[in-house]
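Single-structure report; data block below.
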Amino acid sequence: MSGSFGETACHNSNMLVLASASPRRRELLTQAGFTFEVRPAHIPEEPRPGEDPIAYVVRLAREKAEAVFKQLARTHDAPEPPQALCQGTTSVVPQIPNDETGALAPEAFLREHLVVLGADTTVVIDNQILGKPDDAADAARMLRLLSGRTHRVITGVAIVTDERTEVAAEVTAVKFLTLSDEEIADYIATGEPMDKAGAYAIQGRAASWIPRIEGDYFNVVGLPLALVSTLLESVKADP
């Protein structure tokens, strides 16, 4: 089911765009069989005062998807149509029909077929949002907070089309073993924590510290594939 949207897109000319620069999200979508274009969004990612963690990641996911949708809905910003549609897993851009003058079809065509996926992941403990660490000291602070405890990983997902916006969130509980200062320092020295929410990667060296999770593993990596599939299927089912 997870790859059905990409397969159907080959026939209905939908264009799926991932509004994220995350290599992990790109790899997960590719692994699940989706065909897509990558267009990162550039928006402020600071939480608002008193903002609930779930509301925070859902808002960022929606803002990312909306920003990329608005950018690409203008024909001069649209990706170049590929020579062969649906070959490979990095583009599903439709061949845009020409008008009588040979110019690209109007903006309405792109808006009708554009589907943008936005996502944002954060780590939460004691209702405190842990984003990407600022530096090694910040990474050590986060890992000490997580040591020996269970925290939540929350990913907000948004699907934006011309007709509707669908948003949802996935929550996974992650248990950490107790970490020594030496283990934390050695891990930070690898550089792995520096671009990860909560300063760790479950698919990397930190896997040996995690005896148990409750929920979606792929959510902890950065993209809950089952939730994404459900939202994309709901959009595809629109009349």
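Following the order of the structure tokens, chains are lettered A, B, ..., residues in each are numbered from 1, and ligands are numbered from 1.
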
Q) Which neighbours of range 160-174 of chain A fall inside 6 Å, counting only C-alpha atoms, when residues of the same chain fewer than 4 positions from it are skipped, and could you give them as a ChimeraX atom specification? A) /A:111-112,115-116,150-156,213-216

Serialized selection, C-alpha atoms, as a compact mmCIF listing (two decimals), in the first residue's frame:
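New file selection.txt:
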```txt
# COMPACT_ATOMS: atom_id res chain seq x y z
CA ARG A 111 -2.02 23.63 -8.70
CA GLU A 112 -4.44 20.86 -9.60
CA VAL A 115 0.84 17.24 -3.73
CA VAL A 116 3.36 18.44 -1.13
CA THR A 150 11.68 7.11 28.48
CA HIS A 151 11.01 10.03 26.16
CA ARG A 152 8.63 10.71 23.28
CA VAL A 153 9.48 11.23 19.63
CA ILE A 154 6.78 13.20 17.81
CA THR A 155 6.54 13.76 14.07
CA GLY A 156 4.03 16.10 12.53
CA ILE A 213 10.25 1.42 21.88
CA GLU A 214 6.47 1.62 21.87
CA GLY A 215 5.11 2.74 18.52
CA ASP A 216 6.37 3.36 15.01
```

**Q.** Residue contacts of Ile210 in chain A (8 Å, only C-alpha atoms) excluding same-chain residues fewer than 4 positions away, as a list in words
**A.** Val174, Lys175, Phe176, Leu177, Ile202 and Ala206 of chain A

Emit the selected residues as an mmCIF file, in the first residue's frame, including C-alpha atoms.
```cif
data_model
loop_
_atom_site.group_PDB
_atom_site.id
_atom_site.type_symbol
_atom_site.label_atom_id
_atom_site.label_comp_id
_atom_site.auth_asym_id
_atom_site.auth_seq_id
_atom_site.Cartn_x
_atom_site.Cartn_y
_atom_site.Cartn_z
ATOM 1 C CA VAL A 174 11.649 5.432 23.383
ATOM 2 C CA LYS A 175 13.470 3.936 26.380
ATOM 3 C CA PHE A 176 17.144 4.796 26.923
ATOM 4 C CA LEU A 177 19.650 2.879 29.011
ATOM 5 C CA ILE A 202 18.120 5.364 16.487
ATOM 6 C CA ALA A 206 22.670 5.054 19.580
#
```

(Q) If I take CA of Thr122 in chain A and CA of Arg62 in chain A, how far is one from the other in Å, to one decimal? (A)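 Value for the CA of Thr122 in chain A-CA of Arg62 in chain A distance: 14.8 Å.
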
Q.
Counting only C-alpha atoms, which residue out of A:Arg48, A:Arg25, A:Arg205, A:His42 sits closest to Ile129 in chain A?
A. A:Arg48

Q) Between A:Tyr217, A:Ala199, A:Ala73, A:Pro47, which one has atoms that come closest to His113 in chain A, using only C-alpha atoms? A)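 Closest to His113 in chain A of all the choices is A:Ala73.
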
Q: Name the closest residue to Asp195 in chain A among the candidates A:Glu63, A:Glu183, A:Asp134, A:Asp126; distances are taken between atoms, counting only C-alpha atoms.
A: A:Asp134

Q) Which is closer to Asp181 in chain A than all the others in A:Val38, A:Ile125, A:Ala61, A:Ala137, using only C-alpha atoms? A)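 Closest to Asp181 in chain A, using only C-alpha atoms: A:Ala137.
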
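Each of A:Ala158, A:Ala189, A:Arg39, A:Lys132 was compared to Glu66 in chain A using only C-alpha atoms, and A:Ala158 turns out to be the nearest.
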